[in-house]
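Visitor: Got a structure for you, data_19.tsv, holding TSV, C-alpha atoms.
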```
chain	number	residue	atom	x	y	z
Z	28	MET	CA	100.97	103.91	129.62
Z	29	PHE	CA	97.94	101.60	129.80
Z	30	ASP	CA	96.35	103.87	132.42
Z	31	THR	CA	96.67	106.73	129.93
Z	32	VAL	CA	94.71	104.73	127.34
Z	33	ILE	CA	92.01	103.89	129.89
Z	34	ARG	CA	91.68	107.57	130.85
Z	35	ALA	CA	91.55	108.59	127.18
Z	36	LEU	CA	88.61	106.22	126.62
Z	37	GLU	CA	86.81	107.64	129.63
Z	38	ASN	CA	87.19	111.15	128.21
Z	39	THR	CA	86.34	110.27	124.60
Z	40	SER	CA	83.20	111.93	123.30
Z	41	LEU	CA	81.26	109.37	121.28
Z	42	LYS	CA	79.49	112.24	119.50
Z	43	SER	CA	82.85	113.39	118.10
Z	44	LEU	CA	83.33	110.17	116.13
Z	45	ASP	CA	82.37	109.95	112.47
Z	46	PRO	CA	79.69	107.32	111.90
Z	47	GLY	CA	80.83	104.22	110.06
Z	48	ASP	CA	84.38	102.90	110.09
Z	49	GLU	CA	85.73	105.38	112.66
Z	50	THR	CA	83.04	104.45	115.17
Z	51	LEU	CA	83.35	100.72	114.47
Z	52	ALA	CA	87.15	100.86	114.84
Z	53	PHE	CA	86.68	102.74	118.11
Z	54	TRP	CA	84.33	100.08	119.55
Z	55	ILE	CA	86.57	97.19	118.46
Z	56	ASN	CA	89.58	98.87	120.09
Z	57	ALA	CA	87.57	99.66	123.23
Z	58	TYR	CA	86.47	96.03	123.53
Z	59	ASN	CA	90.00	94.72	123.12
Z	60	ILE	CA	91.40	97.25	125.58
Z	61	ALA	CA	88.69	96.34	128.09
Z	62	VAL	CA	89.52	92.63	127.81
Z	63	VAL	CA	93.25	93.23	128.26
Z	64	HIS	CA	92.51	95.56	131.19
Z	65	LEU	CA	90.26	93.00	132.92
Z	66	ILE	CA	92.82	90.24	132.47
Z	67	ALA	CA	95.72	92.42	133.65
Z	68	GLU	CA	93.80	93.47	136.76
Z	69	ALA	CA	92.97	89.85	137.67
Z	70	TYR	CA	96.23	88.20	136.60
Z	71	PRO	CA	97.36	85.51	137.29
Z	72	ILE	CA	94.30	83.61	136.06
Z	73	SER	CA	93.92	80.59	133.81
Z	74	SER	CA	90.90	81.90	131.84
Z	75	ILE	CA	89.03	85.16	131.36
Z	76	LYS	CA	86.00	83.28	132.65
Z	77	ASP	CA	87.75	83.10	136.06
Z	78	ILE	CA	87.12	86.83	136.46
Z	79	GLY	CA	83.37	86.55	136.68
Z	80	THR	CA	81.02	84.33	138.64
Z	81	SER	CA	78.11	82.10	137.68
Z	82	VAL	CA	75.80	84.91	138.82
Z	83	GLN	CA	77.73	87.68	137.07
Z	84	PRO	CA	79.92	86.40	134.22
Z	85	VAL	CA	82.81	88.57	133.08
Z	86	TRP	CA	80.81	89.65	130.00
Z	87	ASN	CA	78.22	91.34	132.26
Z	88	MET	CA	80.61	93.12	134.64
Z	89	ASN	CA	81.46	96.80	134.27
Z	90	ALA	CA	84.63	96.60	132.24
Z	91	ILE	CA	85.56	100.10	131.13
Z	92	SER	CA	84.34	103.70	131.18
Z	93	ILE	CA	83.77	105.43	127.86
Z	94	ASP	CA	82.52	108.99	127.58
Z	95	HIS	CA	82.02	108.92	131.38
Z	96	LYS	CA	79.67	105.90	131.20
Z	97	SER	CA	80.47	102.37	132.35
Z	98	TYR	CA	80.20	99.60	129.76
Z	99	THR	CA	80.22	95.83	130.05
Z	100	LEU	CA	81.87	93.68	127.40
Z	101	GLU	CA	78.41	92.56	126.33
Z	102	GLU	CA	77.29	96.16	125.83
Z	103	ILE	CA	80.35	96.93	123.73
Z	104	GLU	CA	79.74	93.77	121.71
Z	105	ARG	CA	76.21	94.97	120.97
Z	106	GLU	CA	77.62	98.28	119.71
Z	107	VAL	CA	79.98	96.37	117.41
Z	108	ALA	CA	77.24	93.97	116.25
Z	109	SER	CA	75.04	96.91	115.26
Z	110	PHE	CA	77.34	97.40	112.24
Z	111	HIS	CA	76.20	94.05	110.79
Z	112	ASN	CA	79.66	93.01	109.63
Z	113	PRO	CA	80.42	89.39	110.59
Z	114	LYS	CA	84.16	89.93	110.10
Z	115	VAL	CA	84.26	91.94	113.34
Z	116	ARG	CA	83.83	88.66	115.24
Z	117	PHE	CA	87.43	87.85	114.31
Z	118	ALA	CA	88.67	91.25	115.53
Z	119	LEU	CA	87.26	90.98	119.06
Z	120	PHE	CA	89.92	89.49	121.34
Z	121	ASN	CA	88.30	87.55	124.19
Z	122	GLY	CA	91.49	86.42	125.88
Z	123	SER	CA	91.03	82.72	125.08
Z	124	ILE	CA	93.36	80.37	123.24
Z	125	SER	CA	90.60	79.50	120.75
Z	126	GLY	CA	89.48	83.07	120.22
Z	127	PRO	CA	90.76	85.62	117.72
Z	128	ASP	CA	94.29	86.84	118.31
Z	129	LEU	CA	94.95	90.38	119.49
Z	130	ARG	CA	96.31	92.55	116.68
Z	131	THR	CA	99.62	94.28	117.21
Z	132	GLU	CA	98.12	97.55	115.99
Z	133	ALA	CA	94.97	99.51	116.73
Z	134	TYR	CA	92.08	99.41	114.29
Z	135	THR	CA	91.80	102.67	112.36
Z	136	LYS	CA	89.19	104.30	110.16
Z	137	SER	CA	91.52	104.41	107.16
Z	138	LYS	CA	92.63	100.75	107.37
Z	139	LEU	CA	89.63	99.10	109.03
Z	140	GLN	CA	88.31	97.09	106.09
Z	141	LEU	CA	91.79	95.76	105.25
Z	142	GLN	CA	92.43	94.98	108.93
Z	143	LEU	CA	89.12	93.09	109.23
Z	144	GLU	CA	89.88	91.14	106.06
Z	145	ASP	CA	93.35	90.25	107.39
Z	146	GLN	CA	91.97	89.21	110.81
Z	147	THR	CA	89.30	87.06	109.19
Z	148	LYS	CA	91.82	85.34	106.92
Z	149	SER	CA	94.31	84.77	109.76
Z	150	PHE	CA	91.65	83.33	112.05
Z	151	LEU	CA	89.98	81.08	109.50
Z	152	GLN	CA	93.29	79.74	108.16
Z	153	ASN	CA	94.37	78.74	111.67
Z	154	GLU	CA	93.34	75.07	111.71
Z	155	THR	CA	93.44	74.82	115.51
Z	156	LYS	CA	90.79	77.48	116.06
Z	157	GLY	CA	89.36	78.85	112.80
Z	158	CYS	CA	88.46	76.03	110.47
Z	159	LYS	CA	89.82	72.91	108.88
Z	160	MET	CA	88.47	70.91	105.97
Z	161	ASP	CA	89.07	67.16	106.28
Z	162	PHE	CA	88.59	65.99	102.69
Z	163	GLY	CA	89.13	62.34	103.75
Z	164	THR	CA	85.96	62.34	105.85
Z	165	ASN	CA	84.30	65.23	103.99
Z	166	THR	CA	83.99	67.09	107.30
Z	167	LEU	CA	84.39	70.80	107.88
Z	168	LEU	CA	85.47	71.64	111.41
Z	169	TYR	CA	84.95	75.25	112.41
Z	170	SER	CA	85.00	77.59	115.38
Z	171	LYS	CA	82.22	77.76	117.95
Z	172	LEU	CA	82.10	81.49	117.13
Z	173	PHE	CA	79.94	80.51	114.15
Z	174	GLU	CA	77.45	78.87	116.52
Z	175	TRP	CA	77.48	81.57	119.19
Z	176	PHE	CA	77.02	84.34	116.63
Z	177	GLN	CA	74.93	82.47	114.08
Z	178	SER	CA	72.71	85.51	113.63
Z	179	ASP	CA	75.77	87.29	112.13
Z	180	PHE	CA	76.64	84.44	109.76
Z	181	GLY	CA	73.36	82.74	108.89
Z	182	SER	CA	72.67	79.14	107.99
Z	183	GLU	CA	75.25	76.37	107.71
Z	184	THR	CA	75.30	76.89	103.93
Z	185	LYS	CA	75.95	80.62	104.38
Z	186	ILE	CA	78.73	79.85	106.88
Z	187	LYS	CA	80.42	77.54	104.37
Z	188	THR	CA	80.05	80.21	101.68
Z	189	PHE	CA	81.56	82.78	104.06
Z	190	ILE	CA	84.54	80.50	104.78
Z	191	TYR	CA	85.14	79.41	101.17
Z	192	PRO	CA	87.20	82.44	99.99
Z	193	TYR	CA	89.66	81.87	102.85
Z	194	VAL	CA	89.83	78.08	103.07
Z	195	PRO	CA	88.96	75.56	100.35
Z	196	VAL	CA	85.87	73.72	101.59
Z	197	ASN	CA	83.53	71.20	100.13
Z	198	LEU	CA	80.13	72.89	100.29
Z	199	SER	CA	78.46	69.48	100.75
Z	200	ALA	CA	80.66	68.59	103.74
Z	201	THR	CA	79.19	67.68	107.09
Z	202	THR	CA	80.16	70.09	109.85
Z	203	LYS	CA	81.46	69.83	113.38
Z	204	PHE	CA	82.73	72.40	115.83
Z	205	ILE	CA	86.36	72.61	116.88
Z	206	PHE	CA	86.86	72.21	120.65
Z	207	TYR	CA	86.87	75.69	122.18
Z	208	ASP	CA	89.73	76.22	124.63
Z	209	TRP	CA	88.92	78.97	127.13
Z	210	GLY	CA	92.47	78.84	128.51
Z	211	LEU	CA	94.14	82.22	128.74
Z	212	ASN	CA	95.90	83.37	125.57
Z	213	ASP	CA	98.78	85.04	127.34
```
Is it possible to express this structure as structure tokens?
Guide:
Amino acid sequence: MFDTVIRALENTSLKSLDPGDETLAFWINAYNIAVVHLIAEAYPISSIKDIGTSVQPVWNMNAISIDHKSYTLEEIEREVASFHNPKVRFALFNGSISGPDLRTEAYTKSKLQLQLEDQTKSFLQNETKGCKMDFGTNTLLYSKLFEWFQSDFGSETKIKTFIYPYVPVNLSATTKFIFYDWGLND
């Protein structure tokens, strides 16, 4: 079955996709499929980072063929980032324990905005990887994703404002990053 999905991606015409939510949903799904494919091909491994090398990390390896062109995970991420929606960061499964969880359904044009909202809420409300407000020390602990993709989220104040609708935070809190566990989320 998975081979059928991989072949379907290879034969997908990117020009046939409607711009906007259909294209964004396609790229998110392609990224997640590519990650699962890479992990399945290399399994057993303890981390997705075990797939690559120091010279060629997994993010820069050819991961999947779409429309008869090879793409790396980094190239697919750039396609997703071009939509300028920070919530997509919580939809991209990177195979790690501390990363966003893989949805049990594909992202679709008709449900994409609700799916992204749900993924964002689920991730941020997970205190072990999303964020946690320690009111005793007035410290907000949050995911390294906010550091790695700061250009998507903005300043520390903007990050707190982004988090606030999902998790009660003190906007004057000091911030620290949660330890990022690259162990395989299998």
Visitor: Step by step: start from the point (74.5, 85.8, 112.8) in the file's coordinates, keep every protein, DNA or RNA residue that has an atom no farther than 12 Å from it, count all atoms listed in the file, and write the set as an MDAnalysis selection string.
Guide: chainID Z and resid 108:116 172:183 185:186 189
Visitor: Find the residue from Z:Val196, Z:Ile91, Z:Ile205, Z:Leu51 that sits nearest to Arg105 in chain Z; use all atoms listed in the file when measuring.
Guide: Z:Leu51
Visitor: What is the distance between CA of Leu44 in chain Z and CA of Lys136 in chain Z, in Å to one decimal?
Guide: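 Calculated distance between CA of Leu44 in chain Z and CA of Lys136 in chain Z is 10.2 Å.
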Visitor: Could you check which of Z:Leu36, Z:Leu168, Z:Ala118, Z:Ile66 is closest to Lys148 in chain Z, using all atoms listed in the file?
Guide: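 With all atoms listed in the file as the atom set, the closest residue is Z:Ala118.
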Visitor: For the point (80.6, 69.1, 100.8) in the file's frame, write as a PyMOL selection string all residues with an atom no more than 9 Å away, counting all atoms listed in the file.
Guide: chain Z and resi 162+165-167+196-201
Visitor: Calculate how many Å separate CA of Arg34 in chain Z from CA of Val63 in chain Z, rounding to one decimal.
Guide: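 Result for CA of Arg34 in chain Z versus CA of Val63 in chain Z: 14.7 Å, one decimal.
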Visitor: Kindly give the distance, in Å, that separates CA of Lys156 in chain Z and CA of Tyr169 in chain Z, rounded to a single decimal.
Guide: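 Interatomic distance, CA of Lys156 in chain Z to CA of Tyr169 in chain Z: 7.2 Å.
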Visitor: Fewer than 4 positions away in the same chain doesn't count, so skip those; otherwise give me all residues within 12 Å of Ser40 in chain Z, counting all atoms listed in the file, as a PyMOL selection string.
Guide: chain Z and resi 35-36+44-45+50+53+92-96
Visitor: With distances taken over only C-alpha atoms, which of Z:Thr135, Z:Pro195, Z:Gln142, Z:Phe204 is nearest to Gly157 in chain Z?
Guide: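 Using only C-alpha atoms, the shortest distance to Gly157 in chain Z belongs to Z:Phe204.
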Visitor: Give me the residues within 12 Å of Lys138 in chain Z as number ranges by chain, counting only C-alpha atoms and dropping any in the same chain fewer than 4 places off.
Guide: Z: 48-49, 51-52, 132-134, 142-145
Visitor: Which is closer to Ala61 in chain Z than all the others in Z:Pro192, Z:Gly210, Z:Pro46, Z:Gly122, using all atoms listed in the file?
Guide: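 The shortest atom-to-atom distance to Ala61 in chain Z comes from Z:Gly122.
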Visitor: Using all atoms listed in the file for the distances, tell me which of Z:Asn38, Z:Ser170, Z:Pro127, Z:Thr164 is nearest to Gln146 in chain Z.
Guide: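 Among the listed residues, Z:Pro127 lies closest to Gln146 in chain Z.
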Visitor: Quick one: residues within 7 Å of Tyr58 in chain Z, all atoms listed in the file, excluding same-chain residues fewer than 2 positions away - as a PyMOL selection string?
Guide: chain Z and resi 54-56+60-62+100+103+119
